[in-house]
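Pasting final_18.cif here (mmCIF, C-alpha atoms):
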```
data_entry
#
loop_
_atom_site.label_atom_id
_atom_site.label_comp_id
_atom_site.auth_asym_id
_atom_site.auth_seq_id
_atom_site.Cartn_x
_atom_site.Cartn_y
_atom_site.Cartn_z
CA MET Y 919 119.97 101.62 6.75
CA LYS Y 920 122.76 103.66 8.26
CA GLU Y 921 123.44 107.18 7.15
CA PRO Y 922 126.83 107.62 5.50
CA SER Y 923 127.93 110.03 8.21
CA GLU Y 924 126.84 107.73 11.08
CA PRO Y 925 129.79 106.39 13.05
CA GLN Y 926 130.43 102.75 12.22
CA ALA Y 927 130.60 100.11 14.93
CA ASP Y 928 134.03 98.77 15.71
CA PRO Y 929 133.79 95.15 14.51
CA SER Y 930 136.76 93.97 16.55
CA PRO Y 931 135.80 92.11 19.71
CA PRO Y 932 136.82 93.71 22.99
CA ALA Y 933 140.13 92.67 24.39
CA SER Y 934 140.00 89.40 26.30
CA PRO Y 935 142.38 90.39 29.17
CA ARG Y 936 139.46 92.19 30.83
CA MET Y 937 137.43 88.99 30.79
CA ARG Y 938 140.39 86.95 31.96
CA GLY Y 939 141.00 89.44 34.77
CA LEU Y 940 137.38 89.19 35.88
CA VAL Y 941 137.37 85.37 35.84
CA ARG Y 942 140.71 85.23 37.69
CA ASN Y 943 139.47 87.67 40.34
CA LEU Y 944 136.19 85.75 40.73
CA LEU Y 945 138.03 82.50 41.29
CA LEU Y 946 140.40 84.14 43.77
CA LEU Y 947 137.69 85.95 45.70
CA ILE Y 948 134.74 83.59 45.87
CA VAL Y 949 136.11 81.37 48.65
CA PRO Y 950 137.28 84.21 50.96
CA VAL Y 951 133.97 86.02 50.37
CA ALA Y 952 132.02 82.83 51.19
CA ILE Y 953 134.02 82.46 54.42
CA VAL Y 954 133.28 86.06 55.42
CA TRP Y 955 129.59 85.51 54.58
CA TYR Y 956 129.56 82.37 56.75
CA LEU Y 957 131.16 84.25 59.64
CA VAL Y 958 128.80 87.23 59.54
CA THR Y 959 125.70 85.08 58.96
CA PRO Y 960 124.64 85.00 62.67
CA ILE Y 961 124.81 88.81 62.88
CA TYR Y 962 123.08 89.28 59.53
CA ASN Y 963 120.35 86.81 60.54
CA ARG Y 964 119.58 88.95 63.60
CA LEU Y 965 119.51 92.09 61.44
CA LEU Y 966 117.12 90.46 58.96
CA LEU Y 967 114.80 89.05 61.61
CA GLY Y 968 114.72 92.37 63.48
CA GLY Y 969 114.06 94.37 60.31
CA ALA Y 970 111.39 92.02 59.00
CA GLN Y 971 109.69 91.80 62.40
CA SER Y 972 109.52 95.60 62.60
CA LEU Y 973 108.03 95.70 59.11
CA LEU Y 974 105.48 93.04 60.08
CA HIS Y 975 104.51 94.90 63.26
CA TRP Y 976 103.98 97.98 61.14
CA THR Y 977 101.27 96.05 59.24
CA GLU Y 978 99.73 94.30 62.27
CA SER Y 979 97.39 95.52 64.96
CA PRO Y 980 98.00 94.26 67.57
CA ASP Y 981 101.56 93.00 67.01
CA VAL Y 982 101.37 89.21 67.03
CA THR Y 983 104.38 87.99 65.04
CA ASN Y 984 107.73 87.06 66.48
CA LEU Y 985 110.61 85.93 64.29
CA LEU Y 986 112.86 83.69 66.37
CA PRO Y 987 116.23 82.22 65.40
CA ARG Y 988 116.10 78.41 65.36
CA ASP Y 989 119.83 77.89 64.83
CA SER Y 990 122.56 79.65 62.91
CA GLN Y 991 120.80 79.00 59.60
CA ALA Y 992 117.05 78.98 60.15
CA ALA Y 993 114.23 80.84 61.90
CA TYR Y 994 110.77 80.22 63.28
CA ILE Y 995 107.65 82.26 62.67
CA GLN Y 996 105.75 82.54 65.93
CA ARG Y 997 102.23 83.92 66.37
CA ARG Y 998 101.58 85.04 69.92
CA ASP Y 999 97.80 84.92 69.43
CA PHE Y 1000 97.90 81.14 68.73
CA PRO Y 1001 97.81 78.51 71.50
CA PRO Y 1002 101.33 77.97 72.89
CA THR Y 1003 101.59 74.45 71.46
CA LYS Y 1004 100.77 75.74 67.97
CA SER Y 1005 102.43 79.13 68.11
CA LEU Y 1006 105.47 78.14 66.02
CA VAL Y 1007 103.66 78.09 62.70
CA HIS Y 1008 106.54 77.71 60.25
CA ALA Y 1009 110.32 77.41 59.98
CA PHE Y 1010 112.41 78.65 57.05
CA GLN Y 1011 116.06 78.71 56.01
CA LEU Y 1012 117.55 82.17 56.47
CA THR Y 1013 120.77 81.28 54.67
CA ASP Y 1014 118.69 80.43 51.62
CA VAL Y 1015 117.37 84.00 51.72
CA HIS Y 1016 120.72 85.75 51.78
CA PHE Y 1017 123.33 83.47 50.20
CA HIS Y 1018 123.17 85.78 47.15
CA LEU Y 1019 125.31 88.18 49.21
CA ILE Y 1020 128.23 85.93 48.21
CA LEU Y 1021 127.50 86.66 44.55
CA VAL Y 1022 126.99 90.38 45.15
CA ALA Y 1023 130.27 90.79 47.01
CA THR Y 1024 132.28 88.57 44.65
CA LEU Y 1025 131.02 90.28 41.50
CA PHE Y 1026 131.58 93.77 42.88
CA LEU Y 1027 135.05 93.05 44.24
CA ALA Y 1028 136.20 91.08 41.19
CA ILE Y 1029 135.70 93.81 38.62
CA PRO Y 1030 139.19 94.51 37.30
CA GLY Y 1031 140.79 97.91 36.97
CA ILE Y 1032 138.63 99.82 39.44
CA PRO Y 1033 140.35 101.41 42.43
CA TRP Y 1034 139.63 99.49 45.61
CA ARG Y 1035 138.02 102.50 47.28
CA GLN Y 1036 135.57 102.78 44.39
CA ARG Y 1037 134.87 99.04 44.40
CA LEU Y 1038 134.10 99.14 48.12
CA GLU Y 1039 131.91 102.22 47.74
CA ASN Y 1040 129.90 100.55 44.95
CA LEU Y 1041 129.73 97.33 46.98
CA ALA Y 1042 128.40 99.25 49.99
CA TRP Y 1043 125.55 100.63 47.86
CA ALA Y 1044 124.83 97.15 46.47
CA ILE Y 1045 124.80 95.58 49.93
CA GLY Y 1046 122.48 98.33 51.17
CA VAL Y 1047 119.98 97.48 48.42
CA THR Y 1048 120.40 93.75 49.13
CA VAL Y 1049 119.63 94.24 52.84
CA PHE Y 1050 116.36 95.98 51.99
CA PHE Y 1051 115.55 93.23 49.47
CA ASP Y 1052 116.25 90.49 52.02
CA ILE Y 1053 114.10 92.14 54.69
CA LEU Y 1054 111.27 92.44 52.16
CA LEU Y 1055 111.71 88.78 51.19
CA VAL Y 1056 111.50 87.60 54.82
CA PHE Y 1057 108.40 89.79 55.23
CA LEU Y 1058 106.82 88.12 52.18
CA ILE Y 1059 107.79 84.63 53.36
CA VAL Y 1060 105.86 85.32 56.58
CA LYS Y 1061 102.91 86.92 54.81
CA SER Y 1062 102.63 84.14 52.21
CA THR Y 1063 102.78 81.57 55.04
CA TYR Y 1064 99.89 83.35 56.76
CA ALA Y 1065 97.95 83.69 53.50
CA THR Y 1066 98.44 80.23 52.04
CA GLY Y 1067 100.18 77.92 54.50
CA LEU Y 1068 97.91 77.67 57.53
CA GLY Y 1069 94.95 75.77 56.07
CA SER Y 1070 91.52 76.87 57.25
CA TRP Y 1071 93.00 79.75 59.25
CA SER Y 1072 94.52 81.17 56.05
CA ALA Y 1073 91.27 80.72 54.13
CA GLY Y 1074 89.34 82.43 56.94
CA HIS Y 1075 91.61 85.46 57.14
CA TYR Y 1076 92.79 86.02 53.55
CA GLY Y 1077 90.67 86.26 50.41
CA PRO Y 1078 91.60 84.63 47.08
CA PHE Y 1079 93.14 87.86 45.75
CA ALA Y 1080 95.41 88.32 48.80
CA GLN Y 1081 96.39 84.64 48.72
CA ASN Y 1082 97.34 84.83 45.04
CA ALA Y 1083 99.08 88.19 45.41
CA TYR Y 1084 101.23 87.13 48.39
CA GLY Y 1085 101.94 83.74 46.79
CA LEU Y 1086 103.03 85.26 43.47
CA LEU Y 1087 105.09 88.04 45.08
CA LYS Y 1088 106.88 85.56 47.33
CA HIS Y 1089 107.51 83.24 44.36
CA LEU Y 1090 108.91 86.06 42.23
CA LEU Y 1091 111.13 87.47 44.96
CA ASP Y 1092 112.24 84.11 46.31
CA LEU Y 1093 113.46 82.70 42.99
CA PRO Y 1094 114.03 84.98 39.99
CA PHE Y 1095 114.69 88.26 41.70
CA LYS Y 1096 116.71 86.79 44.56
CA LEU Y 1097 118.91 84.94 42.08
CA GLY Y 1098 118.92 87.80 39.58
CA LEU Y 1099 119.60 90.59 42.10
CA PRO Y 1100 123.43 90.31 42.11
CA PHE Y 1101 123.45 90.51 38.33
CA VAL Y 1102 120.98 93.43 38.28
CA LEU Y 1103 123.07 95.39 40.78
CA TRP Y 1104 126.30 94.62 38.95
CA ALA Y 1105 124.75 95.65 35.62
CA ALA Y 1106 123.42 98.87 37.14
CA PHE Y 1107 126.95 99.90 38.07
CA TYR Y 1108 129.04 98.41 35.28
CA LEU Y 1109 126.87 97.90 32.19
CA GLY Y 1110 128.30 100.99 30.49
CA ASP Y 1111 131.82 99.73 31.07
CA LEU Y 1112 131.03 96.44 29.38
CA ARG Y 1113 130.32 98.04 26.03
CA GLY Y 1114 132.66 100.99 26.37
CA ASP Y 1115 129.76 103.42 26.18
CA ARG Y 1116 131.20 105.94 28.57
CA PRO Y 1117 134.08 108.27 27.74
CA GLU Y 1118 137.52 107.32 28.95
CA PRO Y 1119 138.48 108.73 32.33
CA VAL Y 1120 140.56 111.86 32.13
CA VAL Y 1121 143.18 110.36 34.39
CA ALA Y 1122 143.62 106.65 33.84
CA ALA Y 1123 146.26 104.73 35.68
CA PRO Y 1124 148.34 102.67 33.24
CA ARG Y 1125 147.90 98.97 33.86
CA SER Y 1126 148.86 95.80 32.09
CA THR Y 1127 145.26 94.94 31.23
CA PRO Y 1128 142.59 97.11 29.62
CA LEU Y 1129 140.46 98.52 32.39
CA PRO Y 1130 136.73 98.92 32.51
CA ARG Y 1131 135.68 102.25 33.92
CA SER Y 1132 133.70 102.76 37.07
CA ARG Y 1133 130.59 104.89 37.36
CA LYS Y 1134 132.80 107.64 38.67
CA LYS Y 1135 136.22 108.49 37.45
CA ALA Y 1136 139.04 106.38 38.77
CA ARG Y 1137 140.96 108.09 41.48
CA MET J 142 127.94 116.99 24.27
CA THR J 143 125.54 119.93 24.18
CA THR J 144 122.16 119.82 25.87
CA PRO J 145 119.15 120.87 23.81
CA ALA J 146 117.11 123.57 25.52
CA SER J 147 113.98 121.40 25.54
CA GLU J 148 115.59 118.56 27.53
CA PRO J 149 115.19 118.54 31.30
CA THR J 150 118.20 119.89 33.14
CA SER J 151 117.19 118.86 36.67
CA GLY J 152 119.22 116.28 38.56
CA VAL J 153 116.62 113.57 37.97
CA GLY J 154 116.32 114.40 34.28
CA ARG J 155 120.08 114.42 33.86
CA PHE J 156 120.34 111.11 35.71
CA PHE J 157 117.79 109.44 33.41
CA ARG J 158 119.38 110.95 30.31
CA THR J 159 122.89 109.93 31.30
CA ASN J 160 121.86 106.42 32.33
CA ARG J 161 119.09 105.71 29.86
CA ARG J 162 120.83 102.62 28.42
CA GLU J 163 121.24 101.11 31.88
CA ILE J 164 117.69 101.99 32.92
CA ARG J 165 116.25 100.58 29.69
CA PHE J 166 118.26 97.39 30.14
CA LEU J 167 117.28 96.94 33.79
CA VAL J 168 113.56 97.63 33.20
CA LEU J 169 113.47 95.24 30.23
CA PHE J 170 115.41 92.62 32.19
CA ALA J 171 113.00 92.82 35.14
CA LEU J 172 109.94 92.69 32.88
CA ILE J 173 111.16 89.69 30.87
CA LEU J 174 112.32 87.88 34.01
CA GLY J 175 109.05 88.52 35.88
CA ALA J 176 106.92 87.55 32.86
CA SER J 177 108.87 84.36 32.16
CA PHE J 178 108.69 83.24 35.79
CA ALA J 179 104.98 84.07 35.96
CA LEU J 180 104.58 81.95 32.82
CA ILE J 181 106.35 78.89 34.20
CA SER J 182 104.39 79.13 37.44
CA VAL J 183 101.15 78.48 35.51
CA ASN J 184 100.14 74.88 36.32
CA TRP J 185 99.62 73.84 32.69
CA VAL J 186 103.07 75.12 31.66
CA ASN J 187 104.64 73.46 34.67
CA ASP J 188 102.92 70.12 33.96
CA HIS J 189 103.43 70.06 30.19
CA VAL J 190 106.78 71.82 29.77
CA ILE J 191 108.80 72.09 32.96
CA GLU J 192 108.11 68.62 34.39
CA PRO J 193 108.99 66.76 31.17
CA PHE J 194 112.08 68.97 30.80
CA THR J 195 113.10 68.16 34.38
CA GLY J 196 112.49 64.48 33.61
CA GLY J 197 114.93 64.83 30.71
CA ILE J 198 117.54 66.28 33.08
CA ALA J 199 116.96 63.38 35.46
CA SER J 200 117.39 60.96 32.59
CA ALA J 201 120.69 62.55 31.47
CA SER J 202 121.93 62.67 35.08
CA THR J 203 121.02 59.02 35.59
CA GLY J 204 123.01 58.11 32.48
CA ALA J 205 126.02 60.12 33.68
CA LEU J 206 125.88 58.58 37.16
CA ASN J 207 125.66 55.06 35.73
CA LEU J 208 128.70 55.84 33.58
CA LEU J 209 130.48 56.78 36.83
CA GLY J 210 129.62 53.38 38.29
CA GLN J 211 126.69 54.42 40.46
CA LYS J 212 123.89 51.91 40.09
CA VAL J 213 120.98 54.32 39.91
CA HIS J 214 117.61 54.27 38.22
CA GLN J 215 115.16 57.01 37.35
CA GLN J 216 111.50 57.44 38.18
CA GLY J 217 110.17 60.67 36.71
CA THR J 218 112.28 63.39 38.30
CA LEU J 219 113.65 61.07 40.99
CA ILE J 220 117.12 59.52 40.78
CA GLN J 221 117.40 56.59 43.15
CA GLY J 222 120.39 54.52 44.11
CA PRO J 223 121.10 51.92 46.78
CA ARG J 224 122.42 54.54 49.26
CA PHE J 225 120.84 57.85 48.31
CA ALA J 226 118.14 59.49 46.19
CA VAL J 227 117.68 62.96 44.78
CA ASN J 228 114.48 64.47 43.46
CA ILE J 229 115.04 67.25 40.93
CA LYS J 230 112.52 69.96 41.68
CA ASN J 231 111.91 73.43 40.33
CA GLY J 232 114.89 75.50 41.39
CA CYS J 233 117.29 72.61 40.70
CA ASN J 234 116.58 72.08 37.01
CA GLY J 235 118.59 75.04 35.75
CA VAL J 236 115.46 76.75 34.42
CA GLU J 237 115.94 79.74 36.74
CA ALA J 238 119.50 80.31 35.55
CA MET J 239 118.37 79.86 31.94
CA LEU J 240 115.62 82.45 32.34
CA ILE J 241 117.98 84.95 34.01
CA PHE J 242 120.39 84.45 31.12
CA LEU J 243 117.56 84.71 28.57
CA ALA J 244 116.23 87.94 30.12
CA ALA J 245 119.73 89.45 30.18
CA VAL J 246 120.44 88.54 26.54
CA LEU J 247 117.06 89.74 25.26
CA ALA J 248 117.26 93.01 27.23
CA PHE J 249 120.74 93.87 26.00
CA PRO J 250 120.98 95.98 22.82
CA ALA J 251 122.43 93.60 20.24
CA PRO J 252 121.56 92.23 16.79
CA TRP J 253 118.99 89.42 16.86
CA LYS J 254 121.43 87.04 15.20
CA SER J 255 123.87 87.56 18.09
CA LYS J 256 121.07 87.19 20.62
CA LEU J 257 119.88 83.89 19.15
CA ALA J 258 123.43 82.51 18.92
CA GLY J 259 124.13 83.63 22.50
CA LEU J 260 120.90 82.07 23.76
CA ALA J 261 121.56 78.74 22.03
CA LEU J 262 125.13 78.42 23.30
CA GLY J 263 124.38 79.86 26.73
CA ILE J 264 121.44 77.56 27.41
CA VAL J 265 123.46 74.50 26.38
CA ALA J 266 126.33 75.62 28.64
CA ILE J 267 124.01 76.30 31.59
CA GLN J 268 122.40 72.88 31.25
CA ALA J 269 125.83 71.25 31.03
CA ILE J 270 126.80 72.97 34.30
CA ASN J 271 123.48 71.96 35.83
CA LEU J 272 124.09 68.34 34.83
CA ILE J 273 127.43 68.49 36.67
CA ARG J 274 125.57 70.01 39.63
CA VAL J 275 122.98 67.21 39.84
CA VAL J 276 125.65 64.51 39.49
CA ALA J 277 127.87 66.24 42.07
CA LEU J 278 124.95 66.64 44.49
CA TYR J 279 124.08 62.95 44.21
CA LEU J 280 127.70 61.99 44.85
CA THR J 281 127.83 64.46 47.77
CA GLY J 282 124.73 62.82 49.23
CA VAL J 283 126.31 59.38 48.92
CA TYR J 284 129.83 60.16 50.15
CA PHE J 285 129.53 63.42 52.17
CA PRO J 286 125.93 63.56 53.40
CA LYS J 287 126.73 66.09 56.14
CA VAL J 288 127.52 68.80 53.61
CA PHE J 289 124.64 67.99 51.25
CA ASN J 290 122.35 70.81 52.45
CA ALA J 291 125.02 73.51 52.24
CA SER J 292 126.13 72.17 48.88
CA HIS J 293 122.56 72.13 47.61
CA THR J 294 121.34 75.53 48.76
CA VAL J 295 124.48 77.66 48.81
CA ILE J 296 127.40 76.26 46.87
CA TRP J 297 125.82 74.96 43.67
CA GLN J 298 123.17 77.68 43.38
CA THR J 299 125.97 80.22 43.64
CA ILE J 300 128.07 78.39 41.04
CA VAL J 301 125.21 78.02 38.54
CA ILE J 302 124.11 81.66 38.81
CA LEU J 303 127.70 82.89 38.70
CA ALA J 304 128.28 80.79 35.59
CA SER J 305 125.19 82.31 33.96
CA VAL J 306 126.38 85.84 34.75
CA LEU J 307 129.85 85.05 33.41
CA LEU J 308 128.40 83.55 30.23
CA TRP J 309 126.37 86.69 29.72
CA ILE J 310 129.35 88.98 30.35
CA TYR J 311 131.42 86.88 27.93
CA TRP J 312 128.67 87.09 25.30
CA ALA J 313 128.15 90.86 25.75
CA ASN J 314 131.90 91.42 25.73
CA ARG J 315 132.23 89.65 22.37
CA LEU J 316 129.72 91.94 20.66
CA PRO J 317 131.11 94.66 18.38
CA ARG J 318 131.60 97.83 20.37
CA PRO J 319 129.61 100.88 19.37
CA ALA J 320 131.86 103.46 17.75
CA PRO J 321 132.49 106.61 19.77
CA PRO J 322 130.34 109.51 18.58
CA SER J 323 132.03 111.55 15.87
CA GLU J 324 132.78 115.26 16.38
CA SER J 325 129.91 116.30 14.10
CA ALA J 326 127.45 114.23 16.12
CA ALA J 327 128.30 115.97 19.36
#
```

Would you mind giving the structure from this file in structure tokens?
Amino acid sequence: MKEPSEPQADPSPPASPRMRGLVRNLLLLIVPVAIVWYLVTPIYNRLLLGGAQSLLHWTESPDVTNLLPRDSQAAYIQRRDFPPTKSLVHAFQLTDVHFHLILVATLFLAIPGIPWRQRLENLAWAIGVTVFFDILLVFLIVKSTYATGLGSWSAGHYGPFAQNAYGLLKHLLDLPFKLGLPFVLWAAFYLGDLRGDRPEPVVAAPRSTPLPRSRKKAR
Amino acid sequence: MTTPASEPTSGVGRFFRTNRREIRFLVLFALILGASFALISVNWVNDHVIEPFTGGIASASTGALNLLGQKVHQQGTLIQGPRFAVNIKNGCNGVEAMLIFLAAVLAFPAPWKSKLAGLALGIVAIQAINLIRVVALYLTGVYFPKVFNASHTVIWQTIVILASVLLWIYWANRLPRPAPPSESAA
């Protein structure tokens, strides 16, 4: 039971213009963002393959894994210690790994009432986290392929615990956390704004729609 | 707001104190999401819950496609027509989006009545969107097969997850706002 002096919750629902502004911005931005994502995909693929390959080499002795682009959307896992005819052990879709960048960028750019500089700064942080996540996911795709996807070779080189651990980690990162990451990042930056938990900015630019606040004061 | 002398005043302590709602939400969200996905990856749960559920989606999609004049029939999770067939697998049954929505609703501080109402409406809405996705993917496969892969992996996954996030934001935005702390509470 609430104390008499406890502040009462405001029963009125938050103003809908904020929601309308967000939906409008999402609809306006999603196609341009998807086009930019499509255009930078070849560069991002190289970044991911290079980063994941470095991470793999860090865990291998000697270095035996090469990650080779197959086309603009997919990659091969190559083991140099396998016979040349069997060295390409697996292919996987790279675009399936990082299409969530479309969601990250759209959600961060669509938030209404935040100065563009602040939106871009927050987006840069979110993309930085996403890059690390994607490199880790490619690393786990390779490791789970080695642990569970190469038949008797996998069984001979990985124990049941390692097979289950790599399989579960890859499953968790490849579905729930890959799909949930844009939301998690967005919530980390803007959850307080959603419920009006934070104090109003000292200097707020007057706008036609109620504005959610950014993590830092609007400039 | 004054800081009690016993509370940590370091940068890390201040960060956790200032952002404790966000941190609590994100930790709870990750725990619920991880646990629910670990649960559905258990073979028994997959065979006795997820597969029949996916079969139900296939059945509804088959009905919708037949209403649209496509002469399709269903076999388990497979929808087969004269020109194309789609098999609804895990990842395409809307369960992932439902679990992300569920984790976000349960992790958010709100009355249980609001949570249950949000879950019921949100899950129905997500499944409605997923039904449109399956029907649209089948039609894409029949009439625009060249764009089926991109539509399957990028476009519709993005739309379904974005819809789930929007539903959650809409739900959280409709909750009563907490009152600002009174002067005496500061």

Task: All residues 9 Å or closer to Leu1103 in chain Y, only C-alpha atoms, same chain fewer than 4 positions away omitted, as a PyMOL selection string - done: chain Y and resi 1022+1026+1044+1047-1048+1098-1099+1107-1108

- [ ] Taking the file above as input, evaluate the PyMOL selection byres ((chain J) within 8 of (chain Y)) and report the hits as a ChimeraX atom specification.
- [x] /J:162-164,167,174-175,178-179,232,237,241,294-295,299,302-303,306-307,310-311,313-323

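The space between CA of Leu985 in chain Y and CA of Gly1069 in chain Y spans 20.4 Å.
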
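Here the selection is built from all atoms listed in the file, and the residues within 12 Å of (121.1, 92.3, 21.5) turn out to be Y:Arg1113, J:Phe166, J:Leu169, J:Leu243, J:Ala244, J:Ala245, J:Val246, J:Leu247, J:Ala248, J:Phe249, J:Pro250, J:Ala251, J:Pro252, J:Trp253, J:Lys254, J:Ser255, J:Lys256, J:Leu257, J:Ala258, J:Gly259, J:Leu260, J:Trp309, J:Trp312, J:Ala313, J:Asn314, J:Arg315, J:Leu316, J:Pro317, J:Arg318.
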
Open item on the list: If we count all atoms listed in the file and set the cut-off at 9 Å, which residues sit around Gly235 in chain J, ignoring sequence neighbours fewer than 2 positions away in its own chain? Please answer as a list in words.
Closed with: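 Neighbouring residues, sequence-local ones excluded: Thr195, Asn231, Gly232, Cys233, Glu237, Ala238, Met239, Leu240, Ile267, Gln268, Ile270, Asn271, Leu272 and Val301 of chain J.
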
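Across the structure, CA of Leu1055 in chain Y and CA of Pro960 in chain Y are spaced 17.7 Å apart.
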
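Interatomic distance, CA of Leu1027 in chain Y against CA of Ser305 in chain J: 17.8 Å.
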
Task: Selection: 12 Å around Asn207 in chain J, all atoms listed in the file, excl. self and same-chain fewer than 5 positions, as a VMD selection string - done: chain J and resid 200 to 202 212 to 215 220 to 222 276 279 to 280

Task: Which residue of Y:Ile1045, Y:Leu1006, Y:Val949, Y:Ala1023 approaches Arg988 in chain Y most closely, using only C-alpha atoms - done: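 Of all the options, Y:Leu1006 lies closest to Arg988 in chain Y.
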
Open item on the list: I'd like to see the residues matched by the PyMOL selection byres ((chain J and resi 217) around 8) on this file, and ideally I'd get them as a list of chain:residue names.
Closed with: J:Gly196, J:Ala199, J:Gln215, J:Gln216, J:Thr218, J:Leu219

TODO: Please identify all polymer residues lying at most 10 Å from the point (101.9, 82.1, 52.6) (file coordinates), using all atoms listed in the file, and present the result as number ranges by chain.
DONE: Y: 1008, 1058-1068, 1072, 1076, 1080-1086, 1088

Task: Selection result for the PyMOL selection byres ((chain Y and resi 990) around 12) on this file, as a list in words - done: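 For this structure, the PyMOL selection byres ((chain Y and resi 990) around 12) captures Tyr956, Leu957, Val958, Thr959, Pro960, Ile961, Tyr962, Asn963, Arg964, Leu986, Pro987, Arg988, Asp989, Gln991, Ala992, Ala993, Tyr994, Phe1010, Gln1011, Leu1012, Thr1013 and Asp1014 of chain Y.
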
Same residues, C-alpha atoms, output as a short mmCIF file (atom, residue, chain, number, x, y, z; two decimals), in the coordinates of the input:
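Contents of again-v4.cif, freshly written:
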```cif
data_model
loop_
_atom_site.label_atom_id
_atom_site.label_comp_id
_atom_site.auth_asym_id
_atom_site.auth_seq_id
_atom_site.Cartn_x
_atom_site.Cartn_y
_atom_site.Cartn_z
CA TYR Y 956 129.56 82.37 56.75
CA LEU Y 957 131.16 84.25 59.64
CA VAL Y 958 128.80 87.23 59.54
CA THR Y 959 125.70 85.08 58.96
CA PRO Y 960 124.64 85.00 62.67
CA ILE Y 961 124.81 88.81 62.88
CA TYR Y 962 123.08 89.28 59.53
CA ASN Y 963 120.35 86.81 60.54
CA ARG Y 964 119.58 88.95 63.60
CA LEU Y 986 112.86 83.69 66.37
CA PRO Y 987 116.23 82.22 65.40
CA ARG Y 988 116.10 78.41 65.36
CA ASP Y 989 119.83 77.89 64.83
CA GLN Y 991 120.80 79.00 59.60
CA ALA Y 992 117.05 78.98 60.15
CA ALA Y 993 114.23 80.84 61.90
CA TYR Y 994 110.77 80.22 63.28
CA PHE Y 1010 112.41 78.65 57.05
CA GLN Y 1011 116.06 78.71 56.01
CA LEU Y 1012 117.55 82.17 56.47
CA THR Y 1013 120.77 81.28 54.67
CA ASP Y 1014 118.69 80.43 51.62
#
```
